[in-house]
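Taking it in order: structure first as structure tokens, then the write-up.
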Amino acid sequence: MGLITQILTFPLAPVRGTVWVLERVVETAENEFYDPAPVEQDLAALERALLAGEIDEETFDRREDELLDRLEEIRAHAQHRDQ
């Protein structure tokens with residue numbers, strides 16, 4: 001940027017800074033939302049709960065289906081993002 005451009009756009013600096021911060025917040029939120037590790041941990045904990053007799057087969061199957069659907073969504077998002 002030239003000096004004149006910087007001077008003329010200086011009043012917009014706070015807006016550009018705010019936009020940058022918001023972009024980083026959205027990026028961080030998406031990274032956390034699409035992180036497969038918590039879903040995989042939940043699947044492992046679910047299996048432990050079934051083996052320990054803390055939940056029944058029906059509850060296990062229902063919750064496992066939900067978690068596997070979520071994991072599939074995460075993997076599809078990662079594949080789409082990488083294209």
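Chain labels follow the order of the structure tokens: the first chain is A, the next B, and so on; residue numbering restarts at 1 in every chain, and ligands are counted from 1 in their shown order.
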
Spatial neighbours of Phe33 in chain A, 12 Å, only C-alpha atoms, chain gap at least 4 places, as a PyMOL selection string: chain A and resi 26-29+37-39+70-71+73-75+77-78

Nearest to Gln79 in chain A, chosen from A:Leu51, A:Thr59, A:Tyr34, A:Glu40, with only C-alpha atoms counted in the distances: A:Tyr34

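Taking CA of Gln41 in chain A as the reference point, CA of Glu58 in chain A is found at 19.8 Å.
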
Find the residues near Asp61 in chain A: any atom within 12 Å, counting only C-alpha atoms, skip ones fewer than 4 places away on the same chain, and give them as a list in words.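 Near neighbours after the sequence-gap exclusion: Leu43, Leu46, Glu47, Leu50, Ile55, Asp56, Glu57, Asp65, Glu66, Leu67 and Leu68 of chain A.
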
Print the selection's residues with N, CA and C atoms to a file, as a PDB file, in the first residue's frame.
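result_16.pdb written:
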```pdb
ATOM      1  N   LEU A  43     -17.270 -42.235  21.594  1.00  0.00           N
ATOM      2  CA  LEU A  43     -17.536 -43.612  21.157  1.00  0.00           C
ATOM      3  C   LEU A  43     -16.852 -44.618  22.076  1.00  0.00           C
ATOM      4  N   LEU A  46     -18.653 -44.684  25.354  1.00  0.00           N
ATOM      5  CA  LEU A  46     -19.939 -45.367  25.185  1.00  0.00           C
ATOM      6  C   LEU A  46     -19.759 -46.876  25.231  1.00  0.00           C
ATOM      7  N   GLU A  47     -18.714 -47.358  24.561  1.00  0.00           N
ATOM      8  CA  GLU A  47     -18.447 -48.793  24.575  1.00  0.00           C
ATOM      9  C   GLU A  47     -18.070 -49.266  25.981  1.00  0.00           C
ATOM     10  N   LEU A  50     -21.221 -49.597  27.990  1.00  0.00           N
ATOM     11  CA  LEU A  50     -21.972 -50.807  27.640  1.00  0.00           C
ATOM     12  C   LEU A  50     -21.338 -52.034  28.290  1.00  0.00           C
ATOM     13  N   ILE A  55     -25.233 -48.969  30.602  1.00  0.00           N
ATOM     14  CA  ILE A  55     -26.304 -48.666  29.641  1.00  0.00           C
ATOM     15  C   ILE A  55     -26.724 -49.962  28.962  1.00  0.00           C
ATOM     16  N   ASP A  56     -27.928 -49.954  28.408  1.00  0.00           N
ATOM     17  CA  ASP A  56     -28.409 -51.147  27.709  1.00  0.00           C
ATOM     18  C   ASP A  56     -28.073 -51.066  26.220  1.00  0.00           C
ATOM     19  N   GLU A  57     -28.317 -52.168  25.503  1.00  0.00           N
ATOM     20  CA  GLU A  57     -27.996 -52.254  24.073  1.00  0.00           C
ATOM     21  C   GLU A  57     -28.738 -51.193  23.254  1.00  0.00           C
ATOM     22  N   ASP A  65     -25.193 -44.663  16.809  1.00  0.00           N
ATOM     23  CA  ASP A  65     -25.627 -44.160  15.498  1.00  0.00           C
ATOM     24  C   ASP A  65     -25.468 -42.644  15.403  1.00  0.00           C
ATOM     25  N   GLU A  66     -25.837 -41.941  16.464  1.00  0.00           N
ATOM     26  CA  GLU A  66     -25.697 -40.478  16.477  1.00  0.00           C
ATOM     27  C   GLU A  66     -24.228 -40.068  16.339  1.00  0.00           C
ATOM     28  N   LEU A  67     -23.367 -40.745  17.092  1.00  0.00           N
ATOM     29  CA  LEU A  67     -21.944 -40.404  17.063  1.00  0.00           C
ATOM     30  C   LEU A  67     -21.298 -40.759  15.723  1.00  0.00           C
ATOM     31  N   LEU A  68     -21.686 -41.884  15.147  1.00  0.00           N
ATOM     32  CA  LEU A  68     -21.140 -42.263  13.851  1.00  0.00           C
ATOM     33  C   LEU A  68     -21.611 -41.313  12.754  1.00  0.00           C
TER      34      LEU A  68
END
```
